[in-house]
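Asker: Structure file upload_17.cif, mmCIF, C-alpha atoms, is pasted below:
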```
data_target
loop_
_atom_site.label_atom_id
_atom_site.label_comp_id
_atom_site.auth_asym_id
_atom_site.auth_seq_id
_atom_site.Cartn_x
_atom_site.Cartn_y
_atom_site.Cartn_z
CA MET A 1 61.49 30.01 5.18
CA ALA A 2 58.23 28.45 4.46
CA ALA A 3 59.99 25.35 3.19
CA GLY A 4 62.08 25.21 6.34
CA GLU A 5 59.05 25.45 8.50
CA ALA A 6 57.41 22.78 6.40
CA ILE A 7 60.41 20.46 6.93
CA LEU A 8 60.21 20.97 10.68
CA SER A 9 56.54 20.41 10.58
CA GLY A 10 57.07 17.31 8.50
CA ALA A 11 59.57 16.03 11.03
CA ALA A 12 57.16 16.76 13.78
CA ILE A 13 54.49 14.82 11.96
CA GLY A 14 56.83 11.93 11.41
CA ARG A 15 57.79 11.91 15.06
CA GLY A 16 54.17 12.16 16.07
CA GLN A 17 53.30 9.18 13.91
CA SER A 18 56.04 7.02 15.39
CA GLU A 19 55.14 8.17 18.86
CA GLY A 20 51.57 7.32 18.12
CA LYS A 21 52.55 3.77 17.19
CA ILE A 22 54.63 3.40 20.33
CA SER A 23 51.91 4.74 22.57
CA SER A 24 49.33 2.49 20.91
CA GLY A 25 51.48 -0.48 21.80
CA LEU A 26 51.78 0.68 25.40
CA VAL A 27 48.06 1.24 25.62
CA LYS A 28 47.37 -2.31 24.52
CA GLU A 29 49.62 -3.77 27.17
CA ALA A 30 48.58 -1.56 30.08
CA SER A 31 45.52 -1.77 32.30
CA PRO A 32 42.59 0.44 31.30
CA ASP A 33 43.40 3.13 33.85
CA GLU A 34 47.05 3.18 32.89
CA ALA A 35 46.08 3.25 29.24
CA VAL A 36 43.98 6.35 29.84
CA ALA A 37 46.88 8.03 31.61
CA THR A 38 49.14 7.23 28.66
CA VAL A 39 46.63 8.65 26.22
CA VAL A 40 46.32 11.83 28.29
CA HIS A 41 50.07 12.35 28.38
CA ASP A 42 50.45 11.72 24.67
CA HIS A 43 47.53 13.61 23.21
CA ALA A 44 46.34 16.28 25.64
CA ARG A 45 47.90 19.10 23.64
CA LEU A 46 46.55 17.81 20.34
CA VAL A 47 43.09 17.59 21.86
CA TYR A 48 43.42 21.12 23.18
CA ARG A 49 44.43 22.46 19.77
CA ILE A 50 41.58 20.72 18.04
CA ALA A 51 39.15 22.13 20.60
CA TYR A 52 40.62 25.61 20.26
CA ALA A 53 40.56 25.50 16.46
CA VAL A 54 36.80 24.99 16.65
CA LEU A 55 35.81 26.99 19.72
CA ARG A 56 38.33 29.86 19.51
CA SER A 57 38.31 30.26 23.29
CA HIS A 58 40.91 29.02 25.77
CA HIS A 59 38.41 28.43 28.55
CA GLU A 60 36.08 26.47 26.34
CA ALA A 61 38.97 24.58 24.79
CA GLU A 62 40.09 23.41 28.24
CA ASP A 63 36.54 22.40 29.18
CA ALA A 64 36.25 20.50 25.91
CA THR A 65 39.58 18.81 26.62
CA GLN A 66 38.34 17.67 30.01
CA GLU A 67 35.13 16.35 28.50
CA THR A 68 37.05 14.55 25.76
CA PHE A 69 39.12 12.62 28.24
CA ILE A 70 36.10 11.85 30.39
CA ARG A 71 34.68 10.13 27.33
CA VAL A 72 37.98 8.38 26.73
CA TRP A 73 37.86 7.14 30.31
CA ARG A 74 34.27 6.00 29.84
CA TYR A 75 35.30 3.87 26.88
CA ARG A 76 38.64 2.81 28.32
CA ALA A 77 37.71 -0.86 28.09
CA SER A 78 37.82 -0.59 24.31
CA LEU A 79 41.25 1.10 24.22
CA PRO A 80 43.24 -2.10 23.67
CA GLY A 81 41.22 -2.74 20.51
CA VAL A 82 41.91 0.70 19.03
CA GLU A 83 44.44 0.59 16.20
CA GLU A 84 45.35 4.29 16.03
CA THR A 85 44.83 5.92 19.37
CA LYS A 86 45.73 9.38 18.10
CA THR A 87 43.04 9.39 15.40
CA TRP A 88 40.54 7.88 17.82
CA VAL A 89 41.13 10.54 20.47
CA ALA A 90 41.21 13.31 17.85
CA LYS A 91 37.84 12.15 16.54
CA ILE A 92 36.33 12.33 20.04
CA ALA A 93 37.84 15.77 20.58
CA TRP A 94 36.46 16.97 17.27
CA ARG A 95 32.94 15.76 18.06
CA VAL A 96 33.01 17.31 21.54
CA ALA A 97 34.19 20.62 20.15
CA VAL A 98 31.66 20.68 17.33
CA ASP A 99 28.82 19.84 19.75
CA ARG A 100 29.87 22.63 22.06
CA SER A 101 30.15 25.00 19.15
CA ARG A 102 26.61 24.19 18.05
CA LYS A 103 25.26 24.60 21.59
CA ARG A 104 27.04 27.91 21.84
CA ALA A 105 25.55 29.02 18.54
CA ARG A 106 22.09 28.75 20.11
CA THR A 107 23.14 31.14 22.89
CA PRO A 108 24.32 34.79 22.48
CA GLU A 109 27.65 34.83 20.73
CA VAL A 110 30.88 35.98 22.33
CA SER A 111 32.07 39.34 21.04
CA LEU A 112 35.08 39.36 18.75
CA ASP A 113 36.61 41.95 21.09
CA ASP A 114 36.72 39.38 23.91
CA PRO A 115 40.05 39.88 25.72
CA HIS A 116 40.42 36.12 26.04
CA ARG A 117 40.67 35.67 22.32
CA GLN A 118 43.93 34.79 20.61
CA GLY A 119 46.35 37.58 19.99
CA LEU A 120 45.21 39.76 22.86
CA GLU A 121 45.74 37.41 25.80
CA PRO A 122 48.27 34.69 25.13
CA ALA A 123 47.42 31.33 26.69
CA SER A 124 50.96 30.54 27.61
CA SER A 125 54.52 31.67 27.19
CA GLU A 126 54.84 29.55 24.07
CA THR A 127 52.70 32.00 22.06
CA SER A 128 54.68 34.20 19.69
CA ALA A 129 55.52 37.55 21.26
CA ASP A 130 56.84 39.33 18.16
CA ARG A 131 53.66 39.12 16.09
CA SER A 132 53.20 42.26 14.04
CA LEU A 133 50.04 44.34 14.22
CA GLU A 134 49.40 43.54 10.58
CA GLY A 135 49.56 39.85 11.38
CA LEU A 136 47.04 40.30 14.18
CA GLN A 137 44.69 42.13 11.87
CA ILE A 138 44.99 39.41 9.22
CA GLY A 139 44.44 36.81 11.90
CA ALA A 140 41.24 38.47 13.11
CA LYS A 141 40.00 38.87 9.56
CA LEU A 142 40.91 35.29 8.75
CA GLU A 143 38.83 34.05 11.66
CA LYS A 144 35.77 35.76 10.31
CA LEU A 145 36.43 34.49 6.80
CA ILE A 146 36.91 30.91 7.96
CA ALA A 147 33.72 31.10 10.04
CA ALA A 148 31.88 32.21 6.91
CA LEU A 149 33.08 29.26 4.82
CA PRO A 150 30.64 26.45 4.07
CA GLU A 151 30.98 23.62 6.57
CA LYS A 152 32.20 21.17 3.94
CA LEU A 153 35.23 23.37 3.31
CA ARG A 154 35.64 24.87 6.78
CA GLN A 155 36.07 21.62 8.68
CA PRO A 156 38.95 20.16 6.66
CA LEU A 157 40.63 23.56 6.55
CA ILE A 158 40.43 23.98 10.35
CA LEU A 159 41.87 20.53 10.92
CA SER A 160 44.58 21.11 8.37
CA THR A 161 45.80 24.10 10.40
CA ILE A 162 46.67 21.74 13.23
CA GLU A 163 50.27 20.83 12.84
CA GLU A 164 50.03 17.24 13.88
CA MET A 165 47.23 16.26 11.53
CA SER A 166 48.00 14.53 8.22
CA PRO A 167 45.49 14.48 5.35
CA ARG A 168 44.82 10.79 6.02
CA GLU A 169 44.03 11.50 9.66
CA VAL A 170 41.85 14.46 8.74
CA GLY A 171 39.98 12.25 6.29
CA ALA A 172 39.52 9.56 8.95
CA MET A 173 38.05 12.11 11.34
CA LEU A 174 35.65 13.57 8.81
CA GLY A 175 34.78 10.32 7.09
CA ILE A 176 36.17 11.34 3.70
CA ASN A 177 39.15 10.14 1.70
CA GLU A 178 42.51 11.83 1.49
CA ALA A 179 41.95 13.19 -2.01
CA ALA A 180 38.72 14.87 -0.90
CA VAL A 181 40.56 16.45 2.02
CA ARG A 182 43.23 17.90 -0.24
CA SER A 183 40.78 19.22 -2.80
CA ARG A 184 38.54 20.82 -0.18
CA VAL A 185 41.45 22.47 1.60
CA PHE A 186 42.69 23.78 -1.74
CA ARG A 187 39.27 25.18 -2.59
CA ALA A 188 38.93 26.80 0.88
CA ARG A 189 42.33 28.45 0.49
CA GLN A 190 41.30 29.82 -2.89
CA ILE A 191 38.20 31.45 -1.39
CA LEU A 192 40.17 32.91 1.51
CA ARG A 193 42.82 34.22 -0.85
CA GLU A 194 40.23 35.94 -3.04
CA LYS A 195 38.61 37.60 -0.03
CA LEU A 196 41.89 38.68 1.51
CA ALA A 197 42.97 40.21 -1.79
CA ARG A 198 40.00 42.59 -1.84
CA MET B 199 59.00 16.91 -0.29
CA PRO B 200 57.79 17.85 3.13
CA ALA B 201 54.45 16.40 4.10
CA ASN B 202 52.98 19.81 4.86
CA ASP B 203 53.19 21.26 1.35
CA TRP B 204 49.51 20.47 0.83
CA LYS B 205 48.67 22.85 3.67
CA HIS B 206 51.04 25.69 2.78
CA PRO B 207 51.70 25.76 -0.97
CA GLU B 208 54.23 28.31 -1.97
CA GLY B 209 53.04 31.27 -4.05
CA ASP B 210 53.05 35.02 -4.01
CA GLU B 211 53.14 37.34 -1.07
CA LEU B 212 49.44 36.83 -0.39
CA ASP B 213 49.93 33.09 -0.24
CA ARG B 214 52.73 33.50 2.25
CA GLU B 215 50.63 35.77 4.43
CA LEU B 216 47.78 33.30 4.26
CA ASN B 217 50.12 30.44 5.14
CA ALA B 218 51.42 32.33 8.16
CA ALA B 219 47.89 33.23 9.32
CA LEU B 220 46.76 29.62 8.98
CA VAL B 221 49.74 28.37 10.98
CA ASP B 222 48.90 30.85 13.75
CA TYR B 223 45.23 29.89 13.60
CA SER B 224 45.73 26.80 15.77
CA ALA B 225 49.24 27.41 17.04
CA VAL B 226 48.18 27.69 20.63
CA ALA B 227 49.21 25.84 23.69
CA PRO B 228 47.25 25.10 26.82
CA ARG B 229 48.17 26.38 30.24
CA PRO B 230 51.03 24.35 31.69
CA GLY B 231 50.03 21.19 33.53
CA ILE B 232 46.96 20.34 31.49
CA GLU B 233 47.74 16.63 31.70
CA ALA B 234 47.79 16.73 35.48
CA ARG B 235 44.56 18.66 35.60
CA VAL B 236 42.85 16.20 33.28
CA LEU B 237 44.02 13.19 35.29
CA ALA B 238 43.01 14.85 38.54
CA ASN B 239 39.59 15.55 37.10
CA LEU B 240 39.19 11.95 36.02
CA ARG B 241 39.84 10.79 39.55
CA THR B 242 37.25 13.12 41.09
CA PRO B 243 33.94 11.67 42.27
CA GLN B 244 32.12 14.09 39.95
CA ALA B 245 33.80 12.72 36.84
CA GLN B 246 33.15 9.16 37.96
CA ALA B 247 29.63 10.05 39.00
CA SER B 248 28.98 11.53 35.57
CA PHE B 249 30.07 8.24 34.06
CA PHE B 250 27.92 6.21 36.44
CA ALA B 251 25.09 8.65 35.92
CA TRP B 252 25.35 7.84 32.26
CA TRP B 253 25.37 4.14 33.05
CA ARG B 254 22.56 4.56 35.53
CA ARG B 255 20.52 6.44 32.98
CA GLY B 256 20.90 3.57 30.56
CA ALA B 257 19.97 1.04 33.24
CA TRP B 258 16.96 3.09 34.30
CA ALA B 259 15.84 3.43 30.71
CA THR B 260 16.04 -0.36 30.30
CA ILE B 261 14.16 -0.99 33.54
CA MET B 262 11.45 1.51 32.63
CA THR B 263 11.08 -0.06 29.20
CA ILE B 264 10.61 -3.50 30.77
CA VAL B 265 8.11 -2.13 33.31
CA ILE B 266 6.11 -0.37 30.61
CA MET B 267 6.04 -3.49 28.45
CA ALA B 268 4.95 -5.63 31.39
CA ALA B 269 2.20 -3.14 32.27
CA ALA B 270 1.01 -3.12 28.65
CA LEU B 271 0.87 -6.93 28.58
CA LEU B 272 -1.03 -7.04 31.89
CA TRP B 273 -3.50 -4.42 30.69
CA LYS B 274 -4.04 -6.31 27.47
CA SER B 275 -4.75 -9.56 29.29
CA GLU B 276 -7.10 -7.72 31.69
CA VAL B 277 -9.02 -6.24 28.75
CA ARG B 278 -9.35 -9.70 27.21
CA ARG B 279 -10.55 -11.16 30.51
CA ARG B 280 -13.19 -8.45 30.92
CA ARG B 281 -14.41 -8.94 27.39
CA ALA B 282 -14.83 -12.61 28.06
CA GLY B 283 -16.73 -11.78 31.25
CA VAL B 284 -19.01 -9.19 29.55
CA ASN B 285 -19.88 -11.49 26.67
CA PRO B 286 -20.41 -14.90 28.24
CA PRO B 287 -21.98 -17.73 26.24
CA PRO B 288 -25.50 -16.43 25.46
CA ALA B 289 -28.20 -17.18 28.07
CA ALA B 290 -30.56 -18.12 25.25
CA THR B 291 -28.27 -20.96 24.39
CA ARG B 292 -28.35 -22.14 28.01
CA LEU B 293 -32.16 -21.80 28.13
CA ARG B 294 -32.51 -23.73 24.90
CA ASP B 295 -30.27 -26.43 26.25
CA SER B 296 -32.26 -26.71 29.46
CA SER B 297 -35.63 -26.69 27.69
CA THR B 298 -34.39 -29.30 25.29
CA GLN B 299 -33.43 -31.47 28.25
CA VAL B 300 -36.85 -31.01 29.90
CA ALA B 301 -38.63 -31.84 26.65
CA VAL B 302 -36.58 -34.97 26.32
CA ASP B 303 -37.47 -35.93 29.89
CA ARG B 304 -41.22 -35.41 29.26
CA GLY B 305 -41.14 -37.19 25.94
CA GLU B 306 -43.08 -34.39 24.29
CA GLU B 307 -43.43 -34.44 20.56
CA ASN B 308 -42.91 -30.74 20.06
CA SER B 309 -39.41 -30.70 21.54
CA ILE B 310 -37.00 -28.20 20.13
CA PRO B 311 -35.00 -29.83 17.38
CA ASP B 312 -31.25 -30.04 17.78
CA ARG B 313 -29.35 -27.20 16.21
CA PRO B 314 -25.66 -26.96 15.54
CA VAL B 315 -23.89 -25.04 18.30
CA PRO B 316 -22.86 -21.64 16.92
CA ASN B 317 -19.44 -20.14 17.35
CA ARG B 318 -19.50 -18.45 20.73
CA SER B 319 -16.15 -16.74 20.43
CA ALA B 320 -17.58 -13.53 18.97
CA PRO B 321 -21.35 -13.40 19.45
CA THR B 322 -22.96 -10.48 17.64
CA HIS B 323 -26.12 -8.70 18.65
CA ARG B 324 -28.02 -10.10 15.69
CA ALA B 325 -26.86 -13.62 16.45
CA LEU B 326 -27.82 -13.15 20.11
CA HIS B 327 -31.29 -11.91 19.17
CA ARG B 328 -31.74 -14.80 16.79
CA ARG B 329 -30.82 -17.27 19.49
CA ARG B 330 -33.19 -15.72 21.99
CA SER B 331 -36.13 -15.93 19.60
CA THR B 332 -35.49 -19.55 18.73
CA ALA B 333 -35.03 -20.54 22.39
CA ALA B 334 -38.79 -19.91 23.17
CA GLY B 335 -39.81 -22.70 20.80
CA PRO B 336 -41.28 -22.79 17.34
CA PRO B 337 -43.85 -20.04 16.70
CA THR B 338 -47.49 -21.21 17.32
CA PRO B 339 -49.97 -20.64 14.51
CA LYS B 340 -52.64 -17.94 14.96
CA LEU B 341 -56.10 -19.33 16.01
CA ASP B 342 -59.62 -18.06 15.28
CA VAL B 343 -60.83 -18.39 18.88
CA PHE B 344 -59.38 -16.35 21.70
CA PRO B 345 -58.43 -17.41 24.24
CA SER B 346 -57.25 -20.63 22.79
CA PRO B 347 -59.44 -23.50 24.03
CA GLN B 348 -57.73 -25.41 26.72
CA PRO B 349 -58.47 -28.98 27.67
CA LEU B 350 -61.02 -29.35 30.58
CA SER B 351 -59.76 -29.78 34.03
CA ALA B 352 -60.69 -32.79 36.17
CA GLU B 353 -63.53 -30.94 37.96
CA GLU B 354 -64.99 -29.69 34.72
CA LEU B 355 -64.87 -33.16 33.28
CA ALA B 356 -66.72 -34.52 36.36
CA LEU B 357 -69.43 -31.85 36.10
CA ALA B 358 -69.88 -32.56 32.41
CA ARG B 359 -70.30 -36.28 33.11
CA TYR B 360 -72.95 -35.54 35.89
CA ILE B 361 -74.91 -33.27 33.60
CA GLU B 362 -74.83 -35.92 30.93
CA ARG B 363 -76.05 -38.61 33.30
CA PHE B 364 -78.47 -36.54 35.41
CA PRO B 365 -79.75 -33.67 33.27
CA GLN B 366 -82.93 -33.03 35.25
CA GLU B 367 -81.10 -32.82 38.51
CA ALA B 368 -78.50 -30.54 36.91
CA ILE B 369 -81.22 -28.16 35.68
CA MET B 370 -82.87 -28.11 39.05
CA ILE B 371 -79.61 -27.33 40.75
CA ALA B 372 -78.89 -24.58 38.26
CA ARG B 373 -82.33 -22.99 38.83
CA MET B 374 -81.91 -23.13 42.55
CA GLN B 375 -78.48 -21.49 42.21
CA GLU B 376 -79.94 -18.81 40.00
CA GLU B 377 -82.80 -18.09 42.36
CA TYR B 378 -80.38 -17.81 45.24
CA ARG B 379 -78.16 -15.48 43.27
CA GLN B 380 -81.13 -13.24 42.35
CA LYS B 381 -82.35 -13.15 45.95
CA THR B 382 -78.86 -12.14 47.08
CA ARG B 383 -78.67 -9.32 44.54
CA GLU B 384 -82.11 -8.01 45.68
CA GLN B 385 -81.05 -8.08 49.29
CA MET B 386 -77.86 -6.17 48.39
CA ARG B 387 -79.89 -3.54 46.50
CA GLU B 388 -82.25 -3.18 49.43
CA ALA B 389 -79.28 -2.74 51.72
CA GLY B 390 -78.01 0.04 49.45
CA PHE B 391 -75.07 -1.72 47.95
CA GLU B 392 -74.12 -1.27 44.33
CA VAL B 393 -74.82 -4.43 42.50
CA PRO B 394 -72.71 -4.98 39.41
CA ALA B 395 -74.33 -5.90 36.14
CA GLU B 396 -74.93 -9.52 35.60
CA SER B 397 -72.05 -11.39 34.03
CA SER B 398 -72.51 -13.79 31.17
CA GLU B 399 -70.47 -16.29 33.09
CA LEU B 400 -73.54 -17.24 35.14
CA ASN B 401 -75.25 -18.23 31.98
CA LEU B 402 -74.56 -21.90 31.75
CA GLY B 403 -75.77 -22.03 28.17
CA PHE B 404 -78.10 -24.93 28.76
CA ASP B 405 -81.43 -25.08 26.97
CA GLU B 406 -84.44 -26.92 28.53
CA ARG B 407 -85.32 -28.37 25.17
CA GLU B 408 -81.91 -29.94 24.84
CA SER B 409 -81.88 -31.25 28.32
CA SER B 410 -85.25 -32.90 27.89
CA ASN B 411 -83.75 -34.85 25.01
#
```
How would this structure read if it were set down as structure tokens?

Answerer:
Amino acid sequence: MAAGEAILSGAAIGRGQSEGKISSGLVKEASPDEAVATVVHDHARLVYRIAYAVLRSHHEAEDATQETFIRVWRYRASLPGVEETKTWVAKIAWRVAVDRSRKRARTPEVSLDDPHRQGLEPASSETSADRSLEGLQIGAKLEKLIAALPEKLRQPLILSTIEEMSPREVGAMLGINEAAVRSRVFRARQILREKLAR
Amino acid sequence: MPANDWKHPEGDELDRELNAALVDYSAVAPRPGIEARVLANLRTPQAQASFFAWWRRGAWATIMTIVIMAAALLWKSEVRRRRAGVNPPPAATRLRDSSTQVAVDRGEENSIPDRPVPNRSAPTHRALHRRRSTAAGPPTPKLDVFPSPQPLSAEELALARYIERFPQEAIMIARMQEEYRQKTREQMREAGFEVPAESSELNLGFDERESSN
């Protein structure tokens, strides 16, 4: 089952990559405002997932998404020169989310029992409805464990959980090579596995 | 091999649970219509104002930097101008120059010799003091007699020539002057006035024996 899911995910990645190339071509030909609209249609969900992976809050993820595309609009003149629009937008989304996360860290933290958190209040009808209680508990525990990881391991792991991101794209966002991404994700998984086994 | 094997390697039960939890970690979707909301937000005046505010901030920062630099340059030039006004070319130098010119006009022998003009760009206190002292002329040697004997005036020269030519008449005139002076002093005493002590200035210093010769 895991292999099947992986195949679907791989297909999704392949489709995303080809779509990314097509949209990049459209962006280059269109006017700046039209280019921004194309980027929004193509990557809004990816941006939202990146923001949510960092901020763990639907409201903040949507705010971060809005801010990301405001920045995209601000730099719309440089869109035709961007080779990979998807990686470029993902990088902006990542920086916005990390900045918000750091600002939030300076203010009182949101309780883990917040009803808006994942698992207790689904964001949309696409969220799985047949999640077992054990899965929810593991998910809550996993959040704490991931938050406790060192940043060098946490960041590539978080990005790797996003379906659309390949190791090359994760490396481009973090400024490291693909091999470093794989090794850090592997190391992070080992730590999580050890802690979950206790 | 699927591209996602690096994220979800197959293993034991724990690995599968971890894989499932990691997939769910970011498997969320936004509320429907997020694209429309984002585009609508981009078209709002607030979103555009935030962009222009950013641009305006940059422009204001540039303008303020230019203004501050201009003010610093103006202040610097003002300080330099005031320094030049506070420390003008020393007055001693001007005095020396003028006295040199007067001496040249008179043809006097003891004119101040020419000196090389010092650098006036940064006059120091010591240099200023040195210039002032030299501007008054070369120091005169100390004399045994005080006050220093001065050459006779024209009237004194005429009196000396009369005495030399007519000594008897000069003595007679001097006696008559003395008698008159004594009579005046007696009259002042009689009138009750205080008469000051006699001054040695009235003593002409002539001797009858010399005059007879």

Asker: How many Å separate atom CA of Ala97 of chain A from atom CA of Ala219 of chain B?

Answerer: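 Those two atoms sit 21.5 Å apart.
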
Asker: When you draw a straight line from atom CA of Ile70 of chain A to atom CA of Trp258 of chain B, how long is it in Å?

Answerer: 21.4 Å

Asker: In Å to one decimal, how far is atom CA of Arg104 of chain A from atom CA of Leu136 of chain A?

Answerer: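 Going from atom CA of Leu136 of chain A over to atom CA of Arg104 of chain A covers 24.7 Å.
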
Asker: Find the residue from A:Glu163, A:Glu151, A:Asp99, A:Glu143 that sits nearest to Glu60 of chain A; use only C-alpha atoms when measuring.

Answerer: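 For Glu60 of chain A, the nearest of the given residues is A:Asp99.
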
Asker: Contacts of segment 187-190 of chain A at 8 Å or less, counting all atoms listed in the file, minus same-chain residues fewer than 6 places along, as a PyMOL selection string?

Answerer: chain A and resi 149+153-154+157

Asker: How would the residues just chosen look if you wrote them out with C-alpha atoms as a PDB file, keeping the file's coordinate frame?

Answerer:
```pdb
ATOM      1  CA  LEU A 149      33.080  29.260   4.820  1.00  0.00           C
ATOM      2  CA  LEU A 153      35.230  23.370   3.310  1.00  0.00           C
ATOM      3  CA  ARG A 154      35.640  24.870   6.780  1.00  0.00           C
ATOM      4  CA  LEU A 157      40.630  23.560   6.550  1.00  0.00           C
TER       5      LEU A 157
END
```

Asker: Determine the residue membership of the PyMOL selection byres ((chain A and resi 39-55) around 6) for the file above and supply it as number ranges by chain.

Answerer: A: 36-38, 56-57, 61, 65, 93, 97; B: 224, 233

Asker: So what does the PyMOL selection byres ((chain A and resi 195) around 12) actually pick up in this one, as a PyMOL selection string?

Answerer: (chain A and resi 138+141-142+144-146+148-149+188-194+196-198) or (chain B and resi 212+216)

Asker: What would the file look like if the residues just selected were written as an mmCIF file, in the frame of the given file with C-alpha atoms?

Answerer:
```cif
data_model
loop_
_atom_site.group_PDB
_atom_site.id
_atom_site.type_symbol
_atom_site.label_atom_id
_atom_site.label_comp_id
_atom_site.auth_asym_id
_atom_site.auth_seq_id
_atom_site.Cartn_x
_atom_site.Cartn_y
_atom_site.Cartn_z
ATOM 1 C CA ILE A 138 44.990 39.410 9.220
ATOM 2 C CA LYS A 141 40.000 38.870 9.560
ATOM 3 C CA LEU A 142 40.910 35.290 8.750
ATOM 4 C CA LYS A 144 35.770 35.760 10.310
ATOM 5 C CA LEU A 145 36.430 34.490 6.800
ATOM 6 C CA ILE A 146 36.910 30.910 7.960
ATOM 7 C CA ALA A 148 31.880 32.210 6.910
ATOM 8 C CA LEU A 149 33.080 29.260 4.820
ATOM 9 C CA ALA A 188 38.930 26.800 0.880
ATOM 10 C CA ARG A 189 42.330 28.450 0.490
ATOM 11 C CA GLN A 190 41.300 29.820 -2.890
ATOM 12 C CA ILE A 191 38.200 31.450 -1.390
ATOM 13 C CA LEU A 192 40.170 32.910 1.510
ATOM 14 C CA ARG A 193 42.820 34.220 -0.850
ATOM 15 C CA GLU A 194 40.230 35.940 -3.040
ATOM 16 C CA LEU A 196 41.890 38.680 1.510
ATOM 17 C CA ALA A 197 42.970 40.210 -1.790
ATOM 18 C CA ARG A 198 40.000 42.590 -1.840
ATOM 19 C CA LEU B 212 49.440 36.830 -0.390
ATOM 20 C CA LEU B 216 47.780 33.300 4.260
#
```
